[in-house]
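These notes concern the structure reproduced below.
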Amino acid sequence: MAETAAIELKNISKYFGGKAANKNVNLSINTGEILSILGENGSGKTTLMNMIAGIYFPDEGQIFIDGKEVVIRSPRDAFKYKIGMIHQHFKLVDVFSATENIILGIENKEKFDLKAAANRVKEISERYGFDVDPMKKIHEMSVSEKQTVEIIKVLYRGADILILDEPTAVLTPQETQKLFSVLRKMKDDGKSIIIITHKLHEVLSLSDRVAVLRKGEYVGTVRTAEADEAILTEMMVGKKVSLNIERSEPKNCEERLIIKNLNCVDREGVKILNNVSFTAHSGEILGIAGIAGSGQRELLEAIAGLQKVNEGEILYNNPKTGECDNLRDKTPMQIRDLGVRLSFVPEDRLGMGLVGNMDIIDNMMLRSYRKGHSMFLERKGPRDLAEKIIKDLEVVTPDAKTPVRRLSGGNIQKILVGREIAAAPTVLMAAYPVRGLDIGASYTIYNLLNKQKEKGVAVIFVGEDLDVLIELCDRIIVIGSGSITGTVDARTATKEEIGLLMTKSTAHGGEA
Amino acid sequence: MLAFLVSSIRLGMAFLFGSTGETITEKSGHLNLGIPGVMCVGASCGCFAEYLYLSAAGPDANYFLAVFIPIIATMLGGAVMGLIFSFLTVTLRANQNVTGLALTTFGVGVSDYMIAETGAVYSKGSRFFTSSFPFAEDLGWFGELFLSHGILIYLAIIIALVSSFVLTKTRVGLNLRSVGENPATADAAGINVSRYRYAATCIGCAIAGLGGLSFIMDYLNGNWEYCIDAIGWLAIALVIFTVWKPSIAIIGSIIFGALYIASSYITGVSFASKEIFKMLPYVVTIVVLVFTSIRNKRDNQPPQSLGLSYFREER
C-alpha cells in the first residue's frame with residue numbers, strides 16, 4: 001500500500017503464563033476503512049485489540065501510528081493516539097448517567113460542567129444518528145442503548161480509530177442494521193474502524209478487508225470483495241468446514257411438554273409472560289425466536305422451576321413411567337431429576353451455571369455432588385467427564401484444573417452446554433448456547449443438539465440468529481412482549497416473516 | 001435535655017469523622033475494616049503530640065499550635081495506617097477484610113502502648129480543644145446548642161460537607177466513584193485506579209483518625225478510655241446507615257450519638273439495660289439495611305466493587 005496506514009502492528013506477541021495468546025501478528029488499518037478481525041474463540045482477537053487500546057501491554061513487537069512508532073502503556077496513552085475501544089463486556093458504571101460515563105476520566109482545564117457535556121453528547125448523537133438520553137442512568141438502559149453510550153464515549157474523546165469487540169452479539173437484527181449504518185457513516189467521516197465478529201455474513205456485508213487469526217497467529221488479510229464464507233471459514237479453522245446443518249425429519253414424536261396458559265409476573269409486578277401455550281414434542285427441535293428480553297428467559301426458568309408461575313400449567317409426560325406430572329408443583333431439583341435440563345447462557349456467560357473461580361472438574365461436580373455415597377468427594381467421574389468435554393468440544397484450556405474464569409468466553413460456554421447434555425436429559429432447553437461462539441464451535445453445538453433430537457429428546461432452542469433458527473429447528477414459536485405472536489414451520493418460513501412476528505405484540509396469547 | 005443534645009453532638013462528631021473517612025475509602029472500592037484501629041492510632045498520635053508539645057512549651061502554650069500540632073499528628077498517623085492498608089491490598093493484593101481486621105488489632109495495640117507511655121490523661125490539652133466562641137454563653141440555648149463547641153466539632157461538619165460536594169459535584173469525585181463501582185471501566189477510561197485507591201484510603205484514614213482525637217479530647221475531656229475501637233465499629237455502621245452519603249451522616253451521627261448515650265440520661269435503668277441501649281445504633285443500622293434492601297434502589301447500594309481487588313490483566 002502506498003499510503004501510510006492509520007495504525008500498523010509489527011510482530012506483536014503476548015504471552016499469558018507461558019502460553020502465547022498472540023504470536024507475531026502483523027496488521028494494518030487504513031484511514032476511512034472498516035477492517036474485520038475474524039477468528040475462533042481463544043484465537044487472540046480480543047487480546048490483540050486490548051493491546052492497541054492499552055489494556056494489555058505487548059511482550060514483543062512494535063505499533064506504528066501514522067508511520068511513527070508509539071508505545072501504548074495505558075488506555076490514557078491510547079486516547080492520546082485517538083484510539084477508542086468498545087468492549088464486548090461494556091465498561092460502564094451502572095449508577096452513573098450516560099453523560100457521566102462519557103466524560104469519565106477525561107482531564108481538561110475546563111470547568112466540570114455536566115450540562116455542557118450533555119449538550120455535546122446530544123450534538124454527537126445527532127451527527128451520527130444515535131438515539132440516547134444523556135441523563136438516563138445506565139442501569140435503566142437496554143443493551144443497545146448501553147452500546148450506543150460506549151460508542152459516543154469514544155467519539156466524545158475524538159477517537160479516529162474505533163475498535164468494536166463483538167458489537168452485534170447482543171443486538172437484534174434491526175439494531176444491528178442501525179449500528180452498521182452508523183459505522184458506515186463514521187467511515188465516510190474518515191474514521192478507521194476495526195470490528196471483531198463471528199458472524200460471517202456481517203463481515204461480508206460491512207467490512208472492506210478481513211484479517212484472520214488462528215490460535216493466536218496471524219493467517220492473512222483478504223479484501224472482502226474477493227472473499228466468501230467458505231474461504232474465510234477455511235482460513236479461520238485451517239480446514240474445510242461444512243456449513244450445513246443436517247436436519248433430519250422428526251421421528252417418534254410424542255407430546256413431551258405441554259404448556260397451558262402460562263402467566264408470570266416479575267418482582268415489580270409487571271407481567272412478563274401472558275397466556276403462553278405450546279407443546280414441545282420429543283425428537284424435535286422447537287425454536288423460540290424473539291427480541292432479547294421478551295420473556296424467553298422467564299419462560300424457560302418457569303419450566304425449570306426457577307420462576308414463580310402465577311397461572312397456568314406445565315404438564316410433563318414422563319417417558320419412563322408414562323405418567324403425566326405437573327411441573328408447577330415441583331422443586332427445581334425434582335424437575336431436574338425428571339430429566340428436564342436447562343442450559344442457559346446469559347450475556348455474561350458466568351452468571352448462571354458455572355462458578356468462575358472453580359476449575360472445570362469442580363464445575364462438573366456441581367451437577368453431580370448429590371450422587372456421591374461416601375463422605376468424601378468422588379472426583380474420578382467428574383474428571384473423566386471434564387476431559388471428555390474438553391476433547392469432544394475442543395475446549396482450549398491448559399488442563400482440566402484451570403479455573404473456568406480464566407478461559408475465553410466461548411470455551412466457558414462449551415463447558416456449560418457440554419455438561420448439561422452429558423446428563424442425558426429428556427427435555428433439553430438451550431438458551432443462546434452459541435452466544436459469542438465462533439463458527440466451528442457453533443456447529444459443534446448444533447450437531448450436539450441434533451444428536452439429542454435423534455435420541456428422542458425434546459429440544460427447546462432459544463436463539464438470536466434467525467438464519468440458524470430456520471436451518472436448525474423444526475418448528476419456531478415467536479414470542480413478543482411475553483405473548484406468543486405466532487408459530488411457523490421452520491422449513492418454509494422466511495426471516496422477514498419471523499422478524500415481523502417478533503415486533504408484533506398481541507394483546508391475547510396465541511396458540512401453538 | 002439541652003445537655004443531652006450537646007453531648008449527642010459532641011459524641012456524634014467522633015462518629016462523623018470516622019464515617020466520612022470510611023465513606024471516602026469505600027467509594028474507592030476499599031472496604032476498610034481497620035477504621036477502629038485507625039481511630040485508635042490517630043487518637044494516640046494526636047494525644048502523644050499534644051503531650052510532647054505541652055511539656056516543651058510549658059505555660060506559654062499557644063492555642064493554634066496546641067490545636068494544630070495534634071490534628072496534624074493525628075492525620076499523619078491515620079494516613080500511615082491507610083498507606084499500610086493500601087500497600088497490602090493494592091500493591092500486594094491481599095484480602096481487604098483480613099487486612100482491615102488485622103489493622104484494627106494492630107492499631108488498638110499500638111495506641112495502648114503509646115498511651116501507657118504518656119500517662120493517659122490529657123485534660124490540659126483537652127481544654128484547648130473544648131474552648132469555643134467566647135460569646136456563645138450570652139446567646140442562651142441557641143448559643144449552647146450551636147456555638148458552644150470546640151474546633152473539632154465544626155471541622156467534622158465542614159469536612160463532611162466538603163467531602164459530599166467533592167464526591168457528587170466534581171470530576172475527582174466522579175472518577176473516584178467510578179473506581180469503586182467498576183474499576184475495569186475506570187481503568188479503560190484512563191483513570192489510574194491504584195493511585196485513586198491509595199489516595200482515597202489515606203485521606204479517608206486521616207479523616208477517620210480525627211474521630212479518635214475528637215472522642216478523647218472533646219467528648220471525654222482528655223481522659224483516655226480504652227473503647228475507641230467501639231466508636232470505630234459504630235462509624236462503619238454509620239456509613240451503611242447513611243447509605244454512603246456524608247451529608248446525611250451529619251444528622252445520622254448525631255442520632256447515633258444520642259442513641260449511644262441515651263441510657264445515661266434516662267433515670268432508673270439498670271446496668272444491664274444500659275448495655276442494651278448501647279446496642280441501639282447497630283439495631284437501627286440493621287433496620288436501615290433491611291429497608292434499603294427491600295426498596296432495592298440502585299442509587300442506595302454500596303459501591304459495586306466494594307471489597308474487591310483490581311488487577312488489570314486478570315480475566
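Chain labels A, B, ... are given in the sequence in which chains occur in the C-alpha cells; within each chain residues are numbered consecutively from 1, and ligands are likewise numbered from 1 in the order shown.
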
Write out as a short mmCIF file (atom, residue, chain, number, x, y, z; two decimals) with N, CA and C atoms, in the first residue's frame each polymer residue whose atoms come within 10 Å of A:Glu298, counting only C-alpha atoms; drop sequence neighbours fewer than 4 positions from it.
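Below is the file that was written, out_15.cif:
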data_model
loop_
_atom_site.label_atom_id
_atom_site.label_comp_id
_atom_site.auth_asym_id
_atom_site.auth_seq_id
_atom_site.Cartn_x
_atom_site.Cartn_y
_atom_site.Cartn_z
N CYS A 264 -46.87 -15.21 34.14
CA CYS A 264 -45.90 -14.90 35.18
C CYS A 264 -45.77 -13.39 35.33
N VAL A 265 -45.50 -12.96 36.55
CA VAL A 265 -45.17 -11.54 36.75
C VAL A 265 -43.81 -11.48 37.41
N ASP A 266 -43.08 -10.40 37.16
CA ASP A 266 -41.76 -10.28 37.77
C ASP A 266 -41.88 -9.59 39.12
N ILE A 272 -44.74 -10.59 32.66
CA ILE A 272 -43.69 -10.90 31.69
C ILE A 272 -44.08 -12.05 30.77
N LEU A 273 -44.99 -12.90 31.23
CA LEU A 273 -45.49 -13.95 30.35
C LEU A 273 -47.00 -13.87 30.36
N GLY A 293 -35.15 -10.23 25.77
CA GLY A 293 -35.92 -9.70 26.89
C GLY A 293 -37.41 -9.73 26.68
N SER A 294 -37.89 -10.55 25.75
CA SER A 294 -39.34 -10.61 25.52
C SER A 294 -40.01 -11.66 26.40
N ALA A 302 -39.40 -20.74 34.18
CA ALA A 302 -40.67 -21.24 34.73
C ALA A 302 -40.72 -22.76 34.57
N ILE A 303 -40.30 -23.24 33.41
CA ILE A 303 -40.32 -24.68 33.19
C ILE A 303 -39.33 -25.38 34.12
N ALA A 304 -38.19 -24.73 34.33
CA ALA A 304 -37.16 -25.34 35.18
C ALA A 304 -37.47 -25.17 36.66
N LEU A 306 -37.57 -22.28 38.30
CA LEU A 306 -36.82 -21.17 38.91
C LEU A 306 -37.62 -19.88 38.92
N GLN A 307 -38.75 -19.90 38.25
CA GLN A 307 -39.55 -18.68 38.15
C GLN A 307 -40.96 -19.02 38.63
N LYS A 308 -41.50 -18.17 39.48
CA LYS A 308 -42.82 -18.44 40.03
C LYS A 308 -43.87 -18.33 38.94
N VAL A 309 -44.73 -19.31 38.91
CA VAL A 309 -45.81 -19.31 37.92
C VAL A 309 -47.07 -18.82 38.60
N GLY A 482 -43.80 -11.08 25.85
CA GLY A 482 -44.38 -12.05 26.77
C GLY A 482 -45.53 -12.86 26.21
#

May I ask you to extract the residues of chain A within 7 Å of chain B, using only C-alpha atoms, and to give them as a ChimeraX atom specification? /A:55-56,74-76,91-93,95,104-105,112,405-406

Could the residues in this selection be saved with N, CA and C atoms as a PDB file, in the first residue's frame?
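Final file, out-v2.pdb:
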ATOM      1  N   ILE A  55      -4.986  -1.832  27.301  1.00  0.00           N
ATOM      2  CA  ILE A  55      -5.367  -2.640  28.473  1.00  0.00           C
ATOM      3  C   ILE A  55      -4.234  -3.630  28.768  1.00  0.00           C
ATOM      4  N   TYR A  56      -3.739  -4.267  27.737  1.00  0.00           N
ATOM      5  CA  TYR A  56      -2.580  -5.141  27.897  1.00  0.00           C
ATOM      6  C   TYR A  56      -1.378  -4.467  27.238  1.00  0.00           C
ATOM      7  N   SER A  74      -1.101   2.480  28.525  1.00  0.00           N
ATOM      8  CA  SER A  74      -2.347   2.529  29.285  1.00  0.00           C
ATOM      9  C   SER A  74      -3.456   3.056  28.379  1.00  0.00           C
ATOM     10  N   PRO A  75      -4.697   2.877  28.792  1.00  0.00           N
ATOM     11  CA  PRO A  75      -5.800   3.410  27.986  1.00  0.00           C
ATOM     12  C   PRO A  75      -5.631   4.904  27.737  1.00  0.00           C
ATOM     13  N   ARG A  76      -5.032   5.589  28.697  1.00  0.00           N
ATOM     14  CA  ARG A  76      -4.830   7.025  28.519  1.00  0.00           C
ATOM     15  C   ARG A  76      -3.927   7.299  27.304  1.00  0.00           C
ATOM     16  N   LYS A  91     -17.933  -1.398  29.428  1.00  0.00           N
ATOM     17  CA  LYS A  91     -17.234  -0.783  30.538  1.00  0.00           C
ATOM     18  C   LYS A  91     -17.998   0.470  30.917  1.00  0.00           C
ATOM     19  N   LEU A  92     -19.072   0.267  31.651  1.00  0.00           N
ATOM     20  CA  LEU A  92     -19.905   1.392  32.060  1.00  0.00           C
ATOM     21  C   LEU A  92     -20.212   1.255  33.546  1.00  0.00           C
ATOM     22  N   VAL A  93     -20.357   2.394  34.199  1.00  0.00           N
ATOM     23  CA  VAL A  93     -20.730   2.375  35.607  1.00  0.00           C
ATOM     24  C   VAL A  93     -22.251   2.466  35.681  1.00  0.00           C
ATOM     25  N   VAL A  95     -24.542   2.994  37.982  1.00  0.00           N
ATOM     26  CA  VAL A  95     -25.313   4.010  38.701  1.00  0.00           C
ATOM     27  C   VAL A  95     -25.058   5.418  38.157  1.00  0.00           C
ATOM     28  N   LEU A 104     -16.216  10.387  31.889  1.00  0.00           N
ATOM     29  CA  LEU A 104     -15.372   9.760  32.905  1.00  0.00           C
ATOM     30  C   LEU A 104     -13.912   9.684  32.454  1.00  0.00           C
ATOM     31  N   GLY A 105     -13.041  10.186  33.301  1.00  0.00           N
ATOM     32  CA  GLY A 105     -11.627  10.023  33.028  1.00  0.00           C
ATOM     33  C   GLY A 105     -11.038  11.073  32.109  1.00  0.00           C
ATOM     34  N   PHE A 112     -15.739  21.688  35.371  1.00  0.00           N
ATOM     35  CA  PHE A 112     -16.517  20.449  35.372  1.00  0.00           C
ATOM     36  C   PHE A 112     -17.982  20.822  35.184  1.00  0.00           C
ATOM     37  N   ARG A 405     -12.972 -19.204  35.029  1.00  0.00           N
ATOM     38  CA  ARG A 405     -12.888 -17.760  34.796  1.00  0.00           C
ATOM     39  C   ARG A 405     -11.758 -17.393  33.836  1.00  0.00           C
ATOM     40  N   ARG A 406     -10.690 -18.186  33.841  1.00  0.00           N
ATOM     41  CA  ARG A 406      -9.531 -17.845  33.021  1.00  0.00           C
ATOM     42  C   ARG A 406      -9.715 -18.196  31.549  1.00  0.00           C
TER      43      ARG A 406
END

Spatial neighbours of B:Glu22, 7 Å, only C-alpha atoms, chain gap at least 5 places, as JSON, numbers by chain: {"B": [204, 208, 236]}

Prev. selection, N, CA and C atoms, output as a PDB file, in the first residue's frame:
ATOM      1  N   GLY B 204      -8.995   9.174  53.606  1.00  0.00           N
ATOM      2  CA  GLY B 204     -10.083   8.671  54.433  1.00  0.00           C
ATOM      3  C   GLY B 204      -9.605   8.303  55.823  1.00  0.00           C
ATOM      4  N   ALA B 208     -10.609   9.789  59.395  1.00  0.00           N
ATOM      5  CA  ALA B 208     -11.144   8.891  60.416  1.00  0.00           C
ATOM      6  C   ALA B 208     -10.339   8.997  61.705  1.00  0.00           C
ATOM      7  N   ILE B 236     -18.351   2.651  61.140  1.00  0.00           N
ATOM      8  CA  ILE B 236     -18.565   1.836  59.943  1.00  0.00           C
ATOM      9  C   ILE B 236     -20.054   1.553  59.750  1.00  0.00           C
TER      10      ILE B 236
END

Let's see if you can do this: from backbone DSSP, list all helix (DSSP H, G or I) residues in stretch 255-407 of chain A, as a PyMOL selection string. chain A and resi 296-304+327-329+332-337+360-365+369-371+380-392+404-406

For the residues in that selection, give me N, CA and C atoms as a tab-separated table (two decimals), in the first residue's frame.
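As written to disk, out-v7.tsv reads:
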chain	number	residue	atom	x	y	z
A	296	GLN	N	-38.31	-14.82	27.02
A	296	GLN	CA	-37.75	-16.15	26.75
A	296	GLN	C	-37.13	-16.74	28.00
A	297	ARG	N	-36.35	-15.91	28.66
A	297	ARG	CA	-35.65	-16.39	29.85
A	297	ARG	C	-36.64	-16.85	30.92
A	298	GLU	N	-37.65	-16.02	31.15
A	298	GLU	CA	-38.62	-16.34	32.19
A	298	GLU	C	-39.38	-17.62	31.85
A	299	LEU	N	-39.67	-17.79	30.55
A	299	LEU	CA	-40.39	-18.98	30.13
A	299	LEU	C	-39.60	-20.24	30.47
A	300	LEU	N	-38.33	-20.23	30.11
A	300	LEU	CA	-37.50	-21.40	30.40
A	300	LEU	C	-37.33	-21.60	31.90
A	301	GLU	N	-37.17	-20.49	32.60
A	301	GLU	CA	-36.99	-20.60	34.05
A	301	GLU	C	-38.25	-21.12	34.72
A	302	ALA	N	-39.40	-20.74	34.18
A	302	ALA	CA	-40.67	-21.24	34.73
A	302	ALA	C	-40.72	-22.76	34.57
A	303	ILE	N	-40.30	-23.24	33.41
A	303	ILE	CA	-40.32	-24.68	33.19
A	303	ILE	C	-39.33	-25.38	34.12
A	304	ALA	N	-38.19	-24.73	34.33
A	304	ALA	CA	-37.16	-25.34	35.18
A	304	ALA	C	-37.47	-25.17	36.66
A	327	LEU	N	-45.34	-29.88	36.45
A	327	LEU	CA	-44.06	-29.38	36.96
A	327	LEU	C	-44.24	-28.19	37.88
A	328	ARG	N	-45.44	-27.61	37.85
A	328	ARG	CA	-45.64	-26.42	38.67
A	328	ARG	C	-45.45	-26.70	40.15
A	329	ASP	N	-45.78	-27.92	40.56
A	329	ASP	CA	-45.74	-28.23	41.99
A	329	ASP	C	-44.39	-28.79	42.41
A	332	PRO	N	-37.07	-27.22	41.74
A	332	PRO	CA	-36.10	-27.31	40.62
A	332	PRO	C	-35.35	-28.63	40.63
A	333	MET	N	-35.03	-29.12	41.83
A	333	MET	CA	-34.27	-30.36	41.93
A	333	MET	C	-35.09	-31.53	41.39
A	334	GLN	N	-36.36	-31.59	41.75
A	334	GLN	CA	-37.21	-32.68	41.27
A	334	GLN	C	-37.37	-32.60	39.75
A	335	ILE	N	-37.52	-31.38	39.26
A	335	ILE	CA	-37.69	-31.21	37.82
A	335	ILE	C	-36.44	-31.70	37.08
A	336	ARG	N	-35.29	-31.35	37.65
A	336	ARG	CA	-34.05	-31.80	37.04
A	336	ARG	C	-33.97	-33.32	37.02
A	337	ASP	N	-34.36	-33.92	38.14
A	337	ASP	CA	-34.28	-35.37	38.22
A	337	ASP	C	-35.21	-36.05	37.24
A	360	ILE	N	-12.58	-26.80	36.04
A	360	ILE	CA	-13.57	-27.47	35.20
A	360	ILE	C	-14.14	-28.70	35.89
A	361	ILE	N	-13.29	-29.46	36.55
A	361	ILE	CA	-13.76	-30.67	37.22
A	361	ILE	C	-14.78	-30.32	38.29
A	362	ASP	N	-14.45	-29.34	39.10
A	362	ASP	CA	-15.36	-28.97	40.18
A	362	ASP	C	-16.68	-28.46	39.63
A	363	ASN	N	-16.62	-27.78	38.49
A	363	ASN	CA	-17.85	-27.31	37.89
A	363	ASN	C	-18.71	-28.47	37.39
A	364	MET	N	-18.07	-29.54	36.99
A	364	MET	CA	-18.83	-30.74	36.62
A	364	MET	C	-19.52	-31.30	37.85
A	365	MET	N	-18.81	-31.22	38.98
A	365	MET	CA	-19.34	-31.81	40.21
A	365	MET	C	-20.55	-31.06	40.73
A	369	TYR	N	-22.95	-33.61	42.70
A	369	TYR	CA	-22.47	-33.79	44.07
A	369	TYR	C	-23.43	-34.59	44.93
A	370	ARG	N	-24.70	-34.63	44.55
A	370	ARG	CA	-25.65	-35.37	45.38
A	370	ARG	C	-25.59	-36.87	45.14
A	371	LYS	N	-24.89	-37.24	44.10
A	371	LYS	CA	-24.87	-38.66	43.76
A	371	LYS	C	-23.88	-39.45	44.61
A	380	LYS	N	-13.36	-38.84	40.38
A	380	LYS	CA	-12.98	-39.54	39.17
A	380	LYS	C	-13.99	-39.31	38.04
A	381	GLY	N	-15.28	-39.57	38.35
A	381	GLY	CA	-16.32	-39.40	37.34
A	381	GLY	C	-16.30	-38.01	36.73
A	382	PRO	N	-16.39	-36.99	37.57
A	382	PRO	CA	-16.36	-35.63	37.03
A	382	PRO	C	-15.10	-35.35	36.21
A	383	ARG	N	-13.97	-35.94	36.64
A	383	ARG	CA	-12.74	-35.66	35.89
A	383	ARG	C	-12.84	-36.26	34.49
A	384	ASP	N	-13.35	-37.49	34.44
A	384	ASP	CA	-13.50	-38.12	33.12
A	384	ASP	C	-14.42	-37.31	32.24
A	385	LEU	N	-15.53	-36.86	32.84
A	385	LEU	CA	-16.49	-36.07	32.09
A	385	LEU	C	-15.83	-34.78	31.59
A	386	ALA	N	-15.09	-34.11	32.48
A	386	ALA	CA	-14.43	-32.87	32.11
A	386	ALA	C	-13.49	-33.12	30.94
A	387	GLU	N	-12.75	-34.21	31.04
A	387	GLU	CA	-11.79	-34.46	29.97
A	387	GLU	C	-12.48	-34.81	28.66
A	388	LYS	N	-13.60	-35.51	28.79
A	388	LYS	CA	-14.35	-35.86	27.59
A	388	LYS	C	-14.87	-34.59	26.89
A	389	ILE	N	-15.40	-33.69	27.70
A	389	ILE	CA	-15.93	-32.45	27.11
A	389	ILE	C	-14.80	-31.64	26.47
A	390	ILE	N	-13.67	-31.58	27.16
A	390	ILE	CA	-12.54	-30.83	26.62
A	390	ILE	C	-12.14	-31.41	25.26
A	391	LYS	N	-12.16	-32.73	25.18
A	391	LYS	CA	-11.74	-33.37	23.95
A	391	LYS	C	-12.80	-33.22	22.85
A	392	ASP	N	-14.04	-33.59	23.20
A	392	ASP	CA	-15.10	-33.60	22.19
A	392	ASP	C	-15.39	-32.20	21.65
A	404	VAL	N	-12.40	-21.83	35.61
A	404	VAL	CA	-13.21	-21.53	34.44
A	404	VAL	C	-13.10	-20.06	34.03
A	405	ARG	N	-12.97	-19.20	35.03
A	405	ARG	CA	-12.89	-17.76	34.80
A	405	ARG	C	-11.76	-17.39	33.84
A	406	ARG	N	-10.69	-18.19	33.84
A	406	ARG	CA	-9.53	-17.84	33.02
A	406	ARG	C	-9.72	-18.20	31.55

Which polymer residues have any atom within 10 Å of an atom of A:Ala490, counting only C-alpha atoms, with same-chain residues fewer than 2 positions away left out, as a JSON list (two decimals) with N, CA and C atoms, in the first residue's frame?
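This went into part-v7.json:
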[["chain", "number", "residue", "atom", "x", "y", "z"],
["A", 285, "ILE", "N", -36.77, -30.29, 17.44],
["A", 285, "ILE", "CA", -36.17, -29.07, 18.00],
["A", 285, "ILE", "C", -37.17, -27.94, 17.81],
["A", 286, "LEU", "N", -37.60, -27.42, 18.94],
["A", 286, "LEU", "CA", -38.54, -26.31, 18.91],
["A", 286, "LEU", "C", -37.76, -25.02, 19.12],
["A", 287, "GLY", "N", -37.82, -24.13, 18.18],
["A", 287, "GLY", "CA", -37.09, -22.87, 18.31],
["A", 287, "GLY", "C", -37.96, -21.81, 18.94],
["A", 469, "LEU", "N", -31.86, -20.38, 13.35],
["A", 469, "LEU", "CA", -33.15, -20.92, 13.80],
["A", 469, "LEU", "C", -33.87, -21.62, 12.66],
["A", 470, "ILE", "N", -33.86, -20.96, 11.50],
["A", 470, "ILE", "CA", -34.57, -21.52, 10.35],
["A", 470, "ILE", "C", -33.91, -22.80, 9.87],
["A", 471, "GLU", "N", -32.59, -22.86, 9.98],
["A", 471, "GLU", "CA", -31.89, -24.05, 9.49],
["A", 471, "GLU", "C", -31.94, -25.21, 10.46],
["A", 472, "LEU", "N", -31.96, -24.88, 11.76],
["A", 472, "LEU", "CA", -31.79, -25.92, 12.77],
["A", 472, "LEU", "C", -33.12, -26.51, 13.26],
["A", 473, "CYS", "N", -34.11, -25.64, 13.44],
["A", 473, "CYS", "CA", -35.31, -26.07, 14.16],
["A", 473, "CYS", "C", -36.31, -26.75, 13.23],
["A", 474, "ASP", "N", -37.28, -27.42, 13.89],
["A", 474, "ASP", "CA", -38.39, -27.99, 13.13],
["A", 474, "ASP", "C", -39.56, -27.02, 13.13],
["A", 475, "ARG", "N", -39.87, -26.54, 14.30],
["A", 475, "ARG", "CA", -40.90, -25.52, 14.41],
["A", 475, "ARG", "C", -40.32, -24.33, 15.17],
["A", 476, "ILE", "N", -40.85, -23.16, 14.91],
["A", 476, "ILE", "CA", -40.37, -21.98, 15.63],
["A", 476, "ILE", "C", -41.58, -21.26, 16.20],
["A", 477, "ILE", "N", -41.55, -21.01, 17.51],
["A", 477, "ILE", "CA", -42.58, -20.12, 18.03],
["A", 477, "ILE", "C", -41.92, -18.76, 18.24],
["A", 487, "THR", "N", -46.60, -19.06, 15.31],
["A", 487, "THR", "CA", -45.83, -20.29, 15.20],
["A", 487, "THR", "C", -45.61, -20.54, 13.72],
["A", 488, "VAL", "N", -44.38, -20.87, 13.35],
["A", 488, "VAL", "CA", -44.12, -21.12, 11.94],
["A", 488, "VAL", "C", -43.39, -22.44, 11.77],
["A", 492, "THR", "N", -40.36, -23.82, 6.00],
["A", 492, "THR", "CA", -40.93, -22.97, 4.97],
["A", 492, "THR", "C", -40.86, -21.48, 5.31],
["A", 493, "ALA", "N", -40.56, -21.17, 6.57],
["A", 493, "ALA", "CA", -40.62, -19.77, 7.00],
["A", 493, "ALA", "C", -39.46, -18.95, 6.44],
["A", 494, "THR", "N", -39.68, -17.66, 6.33],
["A", 494, "THR", "CA", -38.60, -16.76, 5.93],
["A", 494, "THR", "C", -38.22, -15.88, 7.11],
["A", 495, "LYS", "N", -37.02, -15.30, 7.00],
["A", 495, "LYS", "CA", -36.53, -14.43, 8.05],
["A", 495, "LYS", "C", -37.44, -13.22, 8.25],
["A", 498, "ILE", "N", -40.55, -14.02, 10.24],
["A", 498, "ILE", "CA", -40.31, -14.14, 11.68],
["A", 498, "ILE", "C", -40.01, -12.77, 12.29]]

For B:Ile254, work out the shell of residues within 10 Å, counting only C-alpha atoms and skipping chain neighbours fewer than 5 positions away, then give it as a PyMOL selection string. chain B and resi 5-16+249+259-260

Report the distance between atom CA of A:Leu162 and atom CA of A:Val143 in Å, rounded to one decimal place.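 Atom CA of A:Val143 lies 19.2 Å from atom CA of A:Leu162.
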
Test item: residues at most 10 Å from A:Glu8, only C-alpha atoms, excluding those fewer than 2 positions along its chain, as a CSV table (one decimal) with C-alpha atoms, in the first residue's frame:
chain,number,residue,atom,x,y,z
A,4,THR,CA,0.7,5.1,5.4
A,5,ALA,CA,-1.6,3.0,7.5
A,6,ALA,CA,-3.5,4.7,10.3
A,10,LYS,CA,4.5,-5.5,13.5
A,26,ASN,CA,1.2,-8.2,11.6
A,27,LEU,CA,-1.8,-6.0,10.8
A,28,SER,CA,-2.6,-2.6,9.3
A,29,ILE,CA,-5.6,-0.5,9.0
A,30,ASN,CA,-6.0,2.4,6.6
A,52,ILE,CA,-3.9,-1.4,20.9
A,62,GLN,CA,6.0,-2.7,17.6
A,63,ILE,CA,3.0,-0.5,17.0
A,64,PHE,CA,3.1,2.3,14.4
A,65,ILE,CA,0.5,5.1,14.2
A,66,ASP,CA,0.7,7.3,11.0
A,67,GLY,CA,4.1,5.8,10.4
A,68,LYS,CA,5.6,6.6,13.7
A,69,GLU,CA,6.4,4.1,16.3

Figure out the distance between atom CA of B:Cys202 and atom CA of B:Gly82, please, to one decimal in Å.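 Distance reported for this atom pair: 4.3 Å.
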
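Near A:Glu249, within 10 Å and counting only C-alpha atoms, sit Gly283, Glu284, Lys453, Glu454 and Asp474 of chain A, not including residues fewer than 4 positions from it in the same chain.
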
For the residues in that selection, give me N, CA and C atoms as a tab-separated table (two decimals), in the first residue's frame.
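What ended up in part.tsv:
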chain	number	residue	atom	x	y	z
A	283	GLY	N	-38.07	-35.72	20.10
A	283	GLY	CA	-37.50	-35.90	18.77
A	283	GLY	C	-37.67	-34.71	17.86
A	284	GLU	N	-37.78	-33.55	18.45
A	284	GLU	CA	-38.00	-32.35	17.65
A	284	GLU	C	-37.26	-31.18	18.28
A	453	LYS	N	-31.73	-34.61	19.51
A	453	LYS	CA	-33.04	-34.73	18.87
A	453	LYS	C	-33.24	-36.13	18.33
A	454	GLU	N	-32.20	-36.66	17.69
A	454	GLU	CA	-32.32	-38.01	17.13
A	454	GLU	C	-32.49	-39.05	18.22
A	474	ASP	N	-37.28	-27.42	13.89
A	474	ASP	CA	-38.39	-27.99	13.13
A	474	ASP	C	-39.56	-27.02	13.13

Extract the full set of strand (DSSP E or B) residues from stretch 16-254 of chain A according to DSSP on the backbone, and format it as an NGL selection string. :A and (16 or 19-29 or 34-39 or 60-65 or 68-70 or 83-86 or 97 or 137 or 161-165 or 192-196 or 209-214 or 217-223)

Please, what distance in Å, to one decimal, runs between atom CA of B:Ala230 and atom CA of B:Asn32?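 Atom CA of B:Ala230 sits 15.2 Å away from atom CA of B:Asn32.
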
Selected residue, from B:Leu308, B:Ala79, B:Leu289, B:Ala156, that lies nearest to B:Gly42 when counting only C-alpha atoms: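 Residue with the minimum atom-to-atom distance to B:Gly42: B:Ala79.
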